[in-house]
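input_6.txt (compact mmCIF, C-alpha atoms) appears below.
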# COMPACT_ATOMS: atom_id res chain seq x y z
CA MET M 291 130.27 130.47 51.59
CA ARG M 292 131.50 126.98 50.57
CA LEU M 293 135.14 127.35 49.47
CA PRO M 294 137.70 124.85 48.08
CA GLY M 295 140.57 124.82 50.59
CA GLU M 296 144.06 123.36 50.40
CA GLU M 297 143.00 119.74 50.80
CA GLY M 298 139.24 119.87 51.38
CA TRP M 299 136.20 122.07 51.44
CA GLU M 300 135.89 124.94 53.87
CA CYS M 301 132.90 126.85 55.22
CA TRP M 302 133.24 130.62 55.62
CA LEU M 303 130.66 132.75 57.43
CA LEU M 304 130.03 136.49 57.33
CA ASP M 305 130.16 137.97 60.84
CA ALA M 306 128.33 141.01 62.20
CA ARG M 307 131.23 143.32 61.24
CA GLY M 308 131.03 142.30 57.56
CA ALA M 309 134.21 140.18 57.66
CA TRP M 310 134.45 136.59 56.45
CA GLN M 311 135.57 134.07 59.07
CA LYS M 312 136.50 130.44 58.54
CA SER M 313 134.12 128.12 60.36
CA PRO M 314 135.50 125.14 62.30
CA LYS M 315 132.78 123.02 60.65
CA PRO M 316 133.51 122.11 57.03
CA GLU M 317 129.86 121.71 56.07
CA ALA M 318 127.86 124.78 55.08
CA ALA M 319 124.14 125.29 55.46
CA ALA M 320 121.88 125.30 52.43
CA GLY M 321 122.02 128.41 50.26
CA GLY M 322 124.85 130.93 50.29
CA ILE M 323 127.70 131.03 47.74
CA PHE M 324 129.35 128.01 46.18
CA VAL M 325 132.91 128.81 45.05
CA ILE M 326 133.78 126.82 41.93
CA PRO M 327 137.31 125.35 42.06
CA LEU M 328 139.54 126.22 39.10
CA ARG M 329 139.86 122.54 38.16
CA CYS M 330 136.21 122.71 37.05
CA LEU M 331 136.78 125.71 34.76
CA ASP M 332 138.32 126.37 31.39
CA SER M 333 139.86 129.82 30.88
CA SER M 334 140.22 131.48 27.48
CA PRO M 335 140.95 135.23 27.22
CA PHE M 336 140.54 136.74 23.73
CA TRP M 337 140.64 139.99 21.77
CA VAL M 338 137.63 141.58 20.06
CA PRO M 339 137.20 144.88 18.19
CA GLN M 340 136.28 147.61 20.62
CA ALA M 341 133.12 148.24 18.60
CA SER M 342 131.92 144.77 19.66
CA GLU M 343 131.84 145.67 23.37
CA GLY M 344 128.05 146.12 23.22
CA ARG M 345 127.68 142.55 21.89
CA LEU M 346 130.19 140.96 24.25
CA ALA M 347 127.83 138.23 25.45
CA GLU M 348 126.97 137.12 21.89
CA THR M 349 130.67 137.15 20.92
CA THR M 350 131.55 135.01 23.94
CA ASP M 351 128.79 132.53 23.08
CA LEU M 352 130.20 132.11 19.58
CA ARG M 353 133.75 131.67 20.89
CA TRP M 354 132.91 128.92 23.39
CA GLU M 355 130.64 127.15 20.95
CA ALA M 356 133.49 127.22 18.42
CA LEU M 357 135.68 125.60 21.10
CA GLY M 358 133.18 122.75 21.41
CA MET M 359 131.32 123.91 24.51
CA GLU M 360 127.55 123.61 24.64
CA PRO M 361 125.32 126.06 26.53
CA GLY M 362 123.49 124.43 29.40
CA ALA M 363 119.72 124.24 29.11
CA GLY M 364 118.42 127.07 31.26
CA GLY M 365 121.84 127.59 32.90
CA GLN M 366 124.81 129.88 32.29
CA HIS M 367 127.91 127.84 31.47
CA TRP M 368 130.35 130.70 30.84
CA ALA M 369 131.05 134.23 31.98
CA GLN M 370 133.00 137.14 30.47
CA TRP M 371 134.26 140.56 31.55
CA PRO M 372 136.35 143.35 29.94
CA VAL M 373 140.00 143.39 31.05
CA ALA M 374 141.80 146.13 29.11
CA THR M 375 141.54 148.30 26.01
CA VAL M 376 144.54 148.61 23.71
CA GLY M 377 144.02 150.84 20.67
CA ASP M 378 140.82 149.77 18.94
CA LYS M 379 140.84 146.30 20.54
CA LEU M 380 139.25 145.06 23.74
CA LEU M 381 140.79 142.25 25.82
CA VAL M 382 138.12 140.00 27.34
CA GLY M 383 138.55 137.52 30.15
CA SER M 384 136.28 134.49 30.08
CA VAL M 385 135.85 131.15 31.85
CA ALA M 386 133.46 128.27 31.21
CA LEU M 387 132.34 125.30 33.26
CA ALA M 388 134.50 122.48 31.95
CA ASP M 389 132.10 119.73 33.03
CA ASP M 390 129.81 118.77 35.89
CA ALA M 391 132.70 117.54 38.04
CA CYS M 392 131.64 119.82 40.90
CA GLU M 393 127.95 118.90 40.69
CA GLU M 394 128.13 116.32 43.46
CA LEU M 395 129.73 118.97 45.67
CA TRP M 396 127.13 121.73 45.36
CA HIS M 397 124.16 119.36 45.29
CA ARG M 398 124.34 118.98 49.06
CA SER M 399 124.06 122.72 49.76
CA LEU M 400 121.90 123.93 46.82
CA PRO M 401 123.58 127.37 46.80
CA ASP M 402 121.96 130.66 45.91
CA SER M 403 124.85 131.68 43.60
CA PHE M 404 128.11 130.41 42.10
CA GLU M 405 131.43 132.26 41.99
CA ILE M 406 134.91 131.71 40.53
CA SER M 407 137.49 131.06 43.24
CA ALA M 408 140.17 133.23 41.56
CA ARG M 409 137.92 136.29 41.81
CA LEU M 410 137.74 136.05 45.61
CA TYR M 411 141.40 136.79 46.39
CA PRO M 412 143.15 140.20 46.37
CA ILE M 413 145.61 140.05 43.46
CA SER M 414 147.04 143.43 42.49
CA HIS M 415 147.45 144.89 39.00
CA ASP M 416 149.62 142.85 36.62
CA GLU M 417 150.43 140.18 39.19
CA ALA M 418 149.92 136.42 39.43
CA ALA M 419 149.09 134.16 42.38
CA ILE M 420 149.66 130.47 43.00
CA TRP M 421 147.84 128.43 45.63
CA ARG M 422 146.47 124.94 46.22
CA GLU M 423 142.83 123.92 45.82
CA LEU M 424 141.60 120.48 46.90
CA GLY M 425 145.14 119.11 46.64
CA ARG M 426 145.91 120.62 43.18
CA LEU M 427 148.08 123.65 42.36
CA VAL M 428 146.31 126.48 40.53
CA MET M 429 147.38 129.86 39.19
CA ALA M 430 145.53 133.09 38.39
CA VAL M 431 146.90 136.05 36.41
CA GLN M 432 145.69 139.66 36.65
CA ARG M 433 145.95 142.45 34.10
CA ASN M 434 144.79 145.99 34.60
CA GLY M 435 143.15 145.02 37.91
CA GLN M 436 140.97 142.34 36.30
CA LEU M 437 141.26 138.57 36.23
CA LEU M 438 142.87 137.62 32.92
CA HIS M 439 143.48 133.88 33.05
CA THR M 440 143.27 130.86 35.37
CA THR M 441 144.91 127.49 34.98
CA LEU M 442 145.42 124.17 36.73
CA LEU M 443 149.10 123.26 37.04
CA SER M 444 150.19 119.75 36.17
CA ALA M 445 152.91 119.93 38.84
CA ARG M 446 151.98 118.48 42.24
CA LEU M 447 154.86 120.18 44.08
CA LEU M 448 156.25 123.68 43.75
CA ASP M 449 159.84 122.97 42.81
CA ALA M 450 162.19 123.83 39.95
CA ALA M 451 160.10 121.82 37.44
CA ALA M 452 157.00 123.68 38.52
CA ALA M 453 158.88 126.99 38.04
CA LYS M 454 159.58 126.03 34.41
CA GLU M 455 155.93 125.08 33.82
CA ILE M 456 154.78 128.43 35.22
CA ARG M 457 157.33 130.27 33.05
CA ASP M 458 156.11 128.47 29.92
CA LEU M 459 152.46 129.24 30.69
CA LEU M 460 153.17 132.93 31.18
CA MET M 461 155.35 133.10 28.06
CA ALA M 462 152.51 131.57 26.01
CA LEU M 463 150.15 134.30 27.24
CA GLU M 464 152.73 136.96 26.50
CA MET M 465 153.38 135.64 22.99
CA GLN M 466 149.65 135.88 22.23
CA GLY M 467 149.74 139.50 23.30
CA LEU M 468 147.42 138.82 26.22
CA LEU M 469 149.78 139.43 29.11
CA SER M 470 151.46 142.67 30.02
CA PRO M 471 154.78 142.44 31.93
CA LEU M 472 154.24 140.95 35.36
CA GLN M 473 155.18 142.96 38.43
CA ALA M 474 155.13 140.16 41.02
CA VAL M 475 154.02 136.59 41.79
CA HIS M 476 152.35 135.60 45.08
CA VAL M 477 152.80 132.08 46.42
CA TRP M 478 150.13 131.16 49.00
CA THR M 479 151.10 127.55 49.67
CA GLU M 480 154.08 125.50 50.71
CA SER M 481 156.90 125.12 48.21
CA ALA M 482 160.12 123.17 47.95
CA PRO M 483 163.39 124.87 49.00
CA GLY M 484 164.78 126.97 46.18
CA PHE M 485 161.45 127.29 44.33
CA ALA M 486 161.11 131.01 44.93
CA ASP M 487 164.66 131.65 43.69
CA ALA M 488 164.11 129.44 40.63
CA LEU M 489 160.85 131.19 39.76
CA GLN M 490 162.39 134.63 40.25
CA ALA M 491 165.26 133.70 38.00
CA ALA M 492 162.87 132.34 35.35
CA LEU M 493 160.50 135.31 35.36
CA GLY M 494 162.66 138.17 36.57
CA VAL M 495 159.94 139.44 38.96
CA ARG M 496 159.51 139.68 42.72
CA ILE M 497 158.20 136.57 44.49
CA HIS M 498 156.07 137.03 47.60
CA THR M 499 155.31 134.06 49.83
CA GLY M 500 152.78 133.85 52.63
CA PRO M 501 149.47 132.31 53.70
CA ARG M 502 146.44 132.46 51.46
CA PRO M 503 144.45 135.63 52.28
CA ALA M 504 140.84 135.54 53.43
CA PRO M 505 138.38 135.39 50.53
CA HIS M 506 135.93 138.12 49.74
CA PRO M 507 133.22 137.83 47.05
CA PRO M 508 133.50 140.38 44.23
CA HIS M 509 130.97 143.17 43.85
CA ALA M 510 130.07 142.06 40.31
CA ARG M 511 128.67 138.54 40.19
CA SER M 512 129.85 136.06 37.57
CA HIS M 513 126.30 134.69 36.98
CA LEU M 514 127.66 131.20 36.32
CA LEU M 515 124.91 128.61 36.77
CA PRO M 516 125.22 124.88 36.01
CA ALA M 517 122.32 123.43 34.02
CA ALA M 518 121.48 120.98 36.81
CA ALA M 519 121.28 123.86 39.30
CA ALA M 520 119.03 125.78 36.90
CA ALA M 521 116.73 122.75 36.65
CA ILE M 522 116.58 122.49 40.46
CA ARG M 523 115.76 126.19 40.70
CA ARG M 524 112.98 125.81 38.14
CA ASP M 525 111.55 122.86 40.07
CA ARG M 526 111.78 124.77 43.35
CA GLU M 527 110.12 127.82 41.80
CA LYS M 528 107.39 125.65 40.32
CA ALA M 529 106.85 123.99 43.69
CA ARG M 530 106.81 127.42 45.36
CA ARG M 531 104.17 128.71 42.91
CA GLN M 532 102.10 125.57 43.40
CA ALA M 533 102.39 125.96 47.16
CA MET M 534 101.34 129.61 46.88
CA MET M 535 98.38 128.67 44.69
CA LEU M 536 97.39 125.93 47.12
CA THR M 537 97.73 128.35 50.02
CA ALA M 538 95.69 130.99 48.20
CA THR M 539 93.00 128.43 47.34
CA THR M 540 92.93 127.23 50.93
CA LEU M 541 92.61 130.80 52.18
CA VAL M 542 89.74 131.48 49.76
CA VAL M 543 87.95 128.33 50.91
CA LEU M 544 88.54 129.25 54.55
CA LEU M 545 87.26 132.77 53.92
CA CYS M 546 84.14 131.37 52.23
CA PHE M 547 83.54 129.03 55.16
CA ALA M 548 84.19 131.87 57.59
CA ALA M 549 81.72 134.11 55.74
CA TRP M 550 79.16 131.30 55.65
CA ALA M 551 79.68 130.60 59.35
CA GLY M 552 79.36 134.32 60.11
CA TRP M 553 76.15 134.51 58.08
CA LEU M 554 74.73 131.48 59.93
CA THR M 555 75.73 133.03 63.25
CA TRP M 556 74.03 136.28 62.26
CA ARG M 557 70.90 134.40 61.17
CA GLN M 558 70.88 132.42 64.39
CA HIS M 559 71.32 135.63 66.38
CA LYS M 560 68.34 137.23 64.61
CA LEU M 561 66.29 134.07 65.09
CA ASP M 562 67.15 133.95 68.79
CA ALA M 563 66.21 137.62 69.11
CA ALA M 564 62.89 137.02 67.33
CA LEU M 565 62.19 133.96 69.50
CA ALA M 566 62.97 136.00 72.60
CA ILE M 567 60.43 138.61 71.49
CA LEU M 568 57.90 135.87 70.78
CA ARG M 569 58.45 134.36 74.19
CA VAL M 570 57.81 137.75 75.76
CA ASP M 571 54.60 138.22 73.72
CA GLU M 572 53.52 134.57 73.93
CA PRO M 573 50.91 135.11 76.71
CA ARG M 574 49.30 137.98 74.81
CA VAL M 575 49.40 136.01 71.57
CA ALA M 576 47.69 133.11 73.32
CA GLN M 577 44.97 135.48 74.57
CA VAL M 578 44.47 136.87 71.06
CA GLN M 579 44.30 133.37 69.56
CA GLU M 580 41.75 132.33 72.20
CA ALA M 581 39.66 135.41 71.40
CA GLN M 582 39.87 134.61 67.67
CA LEU M 583 38.65 131.06 68.31
CA ARG M 584 35.73 132.38 70.33
CA TRP M 585 34.95 134.90 67.62
CA ARG M 586 35.02 132.24 64.91
CA ALA M 587 32.65 130.12 66.99
CA LEU M 588 30.24 133.06 67.27
CA GLU M 589 30.75 134.36 63.73
CA PRO M 590 27.99 132.31 62.08
CA ALA M 591 25.46 133.65 64.54
CA ILE M 592 26.43 137.33 64.49
CA ASP M 593 27.74 137.90 60.95
CA PRO M 594 24.82 138.69 58.58
CA ALA M 595 26.78 137.14 55.72
CA THR M 596 26.92 133.77 57.47
CA TYR M 597 23.85 133.88 59.74
CA PRO M 598 21.53 131.07 58.51
CA VAL M 599 18.31 133.01 59.19
CA GLU M 600 19.59 136.00 57.22
CA ILE M 601 20.72 133.84 54.30
CA PHE M 602 17.43 131.96 54.31
CA ASP M 603 15.58 135.27 54.27
CA GLN M 604 17.62 136.41 51.23
CA ILE M 605 16.72 133.18 49.43
CA VAL M 606 13.02 133.41 50.32
CA ASN M 607 12.93 136.94 48.89
CA LEU M 608 13.85 135.44 45.52
CA LEU M 609 10.79 133.14 45.47
CA PRO M 610 7.92 134.06 43.16
CA GLU M 611 4.45 134.57 44.64
CA GLU M 612 3.49 131.11 43.47
CA GLY M 613 4.89 128.15 41.59
CA ILE M 614 7.76 127.05 43.93
CA ARG M 615 7.83 125.44 47.31
CA PHE M 616 10.83 124.22 49.33
CA LEU M 617 11.06 120.61 50.29
CA ASP M 618 14.36 120.90 52.23
CA PHE M 619 16.88 123.56 53.32
CA SER M 620 20.18 122.80 55.10
CA MET M 621 23.24 124.96 55.80
CA ASP M 622 26.64 124.76 57.52
CA LEU M 623 29.66 127.05 57.61
CA GLU M 624 30.75 126.23 54.04
CA THR M 625 27.73 124.80 52.16
CA LEU M 626 23.99 125.31 51.72
CA VAL M 627 21.59 122.89 50.01
CA ILE M 628 18.05 123.65 48.77
CA SER M 629 15.60 121.08 47.46
CA GLY M 630 12.26 122.17 46.05
CA GLU M 631 9.35 121.61 43.72
CA ALA M 632 8.27 123.92 40.91
CA THR M 633 5.02 123.81 39.02
CA SER M 634 7.00 123.87 35.80
CA PRO M 635 10.62 123.60 34.63
CA ILE M 636 10.52 127.27 33.73
CA HIS M 637 9.84 128.27 37.33
CA ALA M 638 12.72 126.05 38.53
CA SER M 639 15.20 127.43 35.99
CA LYS M 640 14.25 131.04 36.75
CA PHE M 641 14.70 130.50 40.49
CA GLN M 642 18.12 128.90 39.97
CA ALA M 643 19.18 131.82 37.77
CA ASP M 644 17.97 134.34 40.37
CA LEU M 645 20.09 132.60 43.03
CA LYS M 646 23.22 132.93 40.92
CA ALA M 647 22.52 136.60 40.13
CA SER M 648 21.72 137.69 43.67
CA PRO M 649 24.32 140.20 45.06
CA ALA M 650 23.53 139.11 48.60
CA LEU M 651 24.53 135.53 47.77
CA GLU M 652 27.56 136.27 45.60
CA ARG M 653 29.92 134.62 48.10
CA TYR M 654 28.46 131.26 47.04
CA ALA M 655 29.17 129.38 43.87
CA PHE M 656 26.00 127.53 43.03
CA SER M 657 25.74 124.10 41.43
CA THR M 658 22.35 123.50 39.75
CA PRO M 659 21.80 119.95 38.49
CA VAL M 660 19.15 119.46 35.82
CA PRO M 661 15.67 119.30 37.48
CA THR M 662 13.70 116.09 37.40
CA ILE M 663 10.48 116.50 35.37
CA ARG M 664 7.43 114.54 36.58
CA PRO M 665 4.56 113.37 34.36
CA ASP M 666 2.36 116.24 35.49
CA ASN M 667 5.11 118.70 34.36
CA ARG M 668 6.23 119.52 37.89
CA ALA M 669 9.99 119.95 38.30
CA ILE M 670 11.94 118.65 41.29
CA PHE M 671 15.15 120.72 41.59
CA ARG M 672 18.24 120.81 43.81
CA VAL M 673 20.71 123.66 44.39
CA GLU M 674 24.08 123.36 46.14
CA GLY M 675 26.08 126.44 47.13
CA ASN M 676 29.75 126.40 48.21
CA ILE M 677 31.60 129.37 49.69
CA ASN M 678 34.57 130.77 47.67
CA GLY M 679 33.84 128.78 44.53
CA GLY M 680 33.93 125.35 46.12
CA GLY M 681 31.37 123.98 43.64
CA GLU M 682 30.98 123.84 39.86
CA ASP M 683 28.10 125.17 37.82
CA GLU M 684 26.22 122.54 35.87
CA ALA M 685 23.27 124.64 34.71
CA GLN M 686 21.70 123.49 31.48
As structure tokens:
Amino acid sequence: MRLPGEEGWECWLLDARGAWQKSPKPEAAAGGIFVIPLRCLDSSPFWVPQASEGRLAETTDLRWEALGMEPGAGGQHWAQWPVATVGDKLLVGSVALADDACEELWHRSLPDSFEISARLYPISHDEAAIWRELGRLVMAVQRNGQLLHTTLLSARLLDAAAAKEIRDLLMALEMQGLLSPLQAVHVWTESAPGFADALQAALGVRIHTGPRPAPHPPHARSHLLPAAAAAIRRDREKARRQAMMLTATTLVVLLCFAAWAGWLTWRQHKLDAALAILRVDEPRVAQVQEAQLRWRALEPAIDPATYPVEIFDQIVNLLPEEGIRFLDFSMDLETLVISGEATSPIHASKFQADLKASPALERYAFSTPVPTIRPDNRAIFRVEGNINGGGEDEAQ
């Protein structure tokens, strides 16, 4: 907690027992509570109809705006709380941030919350307290156990003149019907000789002197928030969300890469396992491949479908008893070629057609160029057959 002390700022820390202890170091760490000095606040208690208690925030807004105060953008520049109920009227205590005079003070610590200094000290019912904050005298007045009013004294020394100023301030509150009769006044700072007697004579109440008690934050927060602090919080929240989004995006990318790497590892593992199996079976595979090569070398000689003598026999069976003779016959694994002479074009065409229609030769696609007709009407023909449709028919 960063607290305005007598002449300078103080740092108070919460110990393990739940008690606040003054730190020997005046600087506080970031966060915590920033206690707003009373010189940075305006106090204005007021009466409202008791029926307006449910709309107390709206009523307070109207009052401070009527006094010339402007609400901070995104912040909370004033606070209010019920003090006492008299008949059908409700007495409301309220303070507002007078200006940004304390901004340079809280900017260094960027606190988590802001609190009014007068709400931190134990002031009993219908009593007032006077102490010094940052070199200036301040006063707070209680009514019905609630903070009623705070003020900054113009006096710099508690003497007889200061006693008159305090009397006038309290009389003004009493004349407005805001203050009930005081029971006592606490003085928590040094005063000139005779001040306590002068103040007691002026007010007719008991005067208690002593050191300023240890502060303790109230249970109910004031929710005051300067506009500049609200802007910083918005920026920090925006930065936090952006950082979270960036972190989430990074995690998604990392998960995708991890999944991809896992998939590659799994694929590589399966590939290695398959290669290991292949390496085990490699000698047997080589034996099988060698046997296949030997079989393919022998296949033309032992397979009736590819054996040249068998194919030639199938072709010869298609020849008529007369009219056609072969001039040439050649054959390899993929192609066969027949050249011949027919006594007439009709004999040549019929033989070519029989070749194409033969079931035994259906594995060949035959190409039959137009026969050459000689003057004596003999036809010289040529037939080319290609396995698996390797040729094109050109029959006329």
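Separating CA of Met291 in chain M from CA of Pro412 in chain M is a distance of 17.0 Å.
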Please, what distance in Å, to one decimal, runs between CA of Leu623 in chain M and CA of Arg574 in chain M?
28.3 Å
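Between CA of Ala418 in chain M and CA of Leu346 in chain M the separation is 25.3 Å.
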Taking all atoms listed in the file into account, produce a table as JSON lines in which each residue of range 492-530 of chain M with an atom at most 7 Å from an atom of range 363-369 of chain M appears once, together with its shortest atom pair and the distance in Å to one decimal, ordered by chain and rising number.
{"residue": "M:Ser512", "atom": "CA", "partner": "M:Ala369", "partner_atom": "CA", "distance": 6.0}
{"residue": "M:His513", "atom": "CA", "partner": "M:Gln366", "partner_atom": "CA", "distance": 6.9}
{"residue": "M:Leu514", "atom": "CA", "partner": "M:Gln366", "partner_atom": "CA", "distance": 5.1}
{"residue": "M:Leu515", "atom": "CA", "partner": "M:Gln366", "partner_atom": "CA", "distance": 4.7}
{"residue": "M:Pro516", "atom": "CA", "partner": "M:Gly365", "partner_atom": "CA", "distance": 5.3}
{"residue": "M:Ala517", "atom": "CA", "partner": "M:Gly365", "partner_atom": "CA", "distance": 4.3}
{"residue": "M:Ala520", "atom": "CA", "partner": "M:Gly365", "partner_atom": "CA", "distance": 5.2}
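For the choices M:Leu410, M:Ala655, M:Ala341, M:Leu387, the atom-to-atom distance to Arg502 in chain M is smallest for M:Leu410 when using all atoms listed in the file.
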Within 12 Å of Asp378 in chain M, counting only C-alpha atoms, which residues show up once you throw out same-chain ones fewer than 5 positions away? Write them as a ChimeraX atom specification, please.
/M:337-343
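Residues in contact range of Val477 in chain M, defined as at most 10 Å between all atoms listed in the file, with sequence neighbours fewer than 5 positions away removed, read Ala418, Ala419, Ile420, Trp421, Arg422, Met429, Leu448, Ala486, Ile497, His498, Thr499, Gly500, Pro501 and Arg502 of chain M.
Counting all atoms listed in the file and comparing M:Arg292, M:Lys379, M:Lys528, M:Arg557, the residue that lies closest to Ser313 in chain M is M:Arg292.
Neighbours of range 606-613 of chain M closer than or equal to 9 Å, with only C-alpha atoms counted and sequence neighbours fewer than 4 positions away skipped, come out as Ile601, Phe602, Glu631, Ala632, Thr633, Ser634, His637, Ala638, Phe641, Asp644, Leu645 and Ser648 of chain M.
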Selection near range 453-459 of chain M, 9 Å with only C-alpha atoms, sequence-local residues under 4 positions removed, as a count of residues only:
16
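Of the residues under consideration (M:Pro665, M:Gly675, M:Gly467, M:Gly552), M:Gly675 shows the shortest atom-to-atom contact distance to Val627 in chain M when counting only C-alpha atoms.
Nearest to Arg329 in chain M of all the residues M:Val385, M:Ala529, M:Leu460, M:Ile677 is M:Val385, based on all atoms listed in the file.
Distances here use all atoms listed in the file; by that measure, the residue among M:Gly295, M:Gln466, M:Val660, M:Trp556 closest to Val428 in chain M is M:Gly295.
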Missing atoms of range 661-668 of chain M rebuilt to all heavy atoms, written as a short mmCIF file (atom, residue, chain, number, x, y, z; two decimals), keeping the file's coordinate frame:
data_model
loop_
_atom_site.label_atom_id
_atom_site.label_comp_id
_atom_site.auth_asym_id
_atom_site.auth_seq_id
_atom_site.Cartn_x
_atom_site.Cartn_y
_atom_site.Cartn_z
N PRO M 661 16.85 119.72 36.70
CA PRO M 661 15.67 119.30 37.48
C PRO M 661 15.07 118.00 36.92
O PRO M 661 15.20 117.67 35.75
CB PRO M 661 14.69 120.47 37.33
CG PRO M 661 15.55 121.64 36.97
CD PRO M 661 16.68 121.08 36.15
N THR M 662 14.41 117.32 37.79
CA THR M 662 13.70 116.09 37.40
C THR M 662 12.25 116.45 37.05
O THR M 662 11.54 117.06 37.87
CB THR M 662 13.71 115.06 38.53
OG1 THR M 662 15.08 114.79 38.86
CG2 THR M 662 13.02 113.78 38.13
N ILE M 663 11.83 116.14 35.85
CA ILE M 663 10.48 116.50 35.37
C ILE M 663 9.55 115.32 35.61
O ILE M 663 9.79 114.20 35.14
CB ILE M 663 10.50 116.88 33.88
CG1 ILE M 663 11.60 117.93 33.62
CG2 ILE M 663 9.12 117.41 33.46
CD1 ILE M 663 11.45 119.19 34.40
N ARG M 664 8.44 115.58 36.31
CA ARG M 664 7.43 114.54 36.58
C ARG M 664 6.37 114.54 35.47
O ARG M 664 6.27 115.48 34.68
CB ARG M 664 6.79 114.78 37.94
CG ARG M 664 7.78 114.55 39.09
CD ARG M 664 7.06 114.62 40.41
NE ARG M 664 7.97 114.24 41.50
CZ ARG M 664 7.61 114.19 42.79
NH1 ARG M 664 6.33 114.47 43.14
NH2 ARG M 664 8.49 113.84 43.71
N PRO M 665 5.58 113.47 35.43
CA PRO M 665 4.56 113.37 34.36
C PRO M 665 3.60 114.55 34.34
O PRO M 665 3.11 114.94 33.27
CB PRO M 665 3.84 112.06 34.67
CG PRO M 665 4.86 111.24 35.40
CD PRO M 665 5.63 112.21 36.21
N ASP M 666 3.30 115.10 35.47
CA ASP M 666 2.36 116.24 35.49
C ASP M 666 3.06 117.57 35.24
O ASP M 666 2.52 118.62 35.52
CB ASP M 666 1.60 116.28 36.81
CG ASP M 666 2.55 116.40 37.99
OD1 ASP M 666 3.79 116.40 37.77
OD2 ASP M 666 2.08 116.48 39.16
N ASN M 667 4.32 117.53 34.75
CA ASN M 667 5.11 118.70 34.36
C ASN M 667 5.71 119.44 35.56
O ASN M 667 6.28 120.52 35.42
CB ASN M 667 4.31 119.68 33.50
CG ASN M 667 5.21 120.59 32.67
OD1 ASN M 667 6.27 120.15 32.22
ND2 ASN M 667 4.81 121.84 32.47
N ARG M 668 5.55 118.91 36.75
CA ARG M 668 6.23 119.52 37.89
C ARG M 668 7.73 119.19 37.83
O ARG M 668 8.10 118.09 37.38
CB ARG M 668 5.61 119.03 39.19
CG ARG M 668 4.23 119.65 39.47
CD ARG M 668 3.68 119.14 40.79
NE ARG M 668 3.54 117.69 40.77
CZ ARG M 668 3.34 116.97 41.88
NH1 ARG M 668 3.33 117.56 43.07
NH2 ARG M 668 3.21 115.66 41.78
#
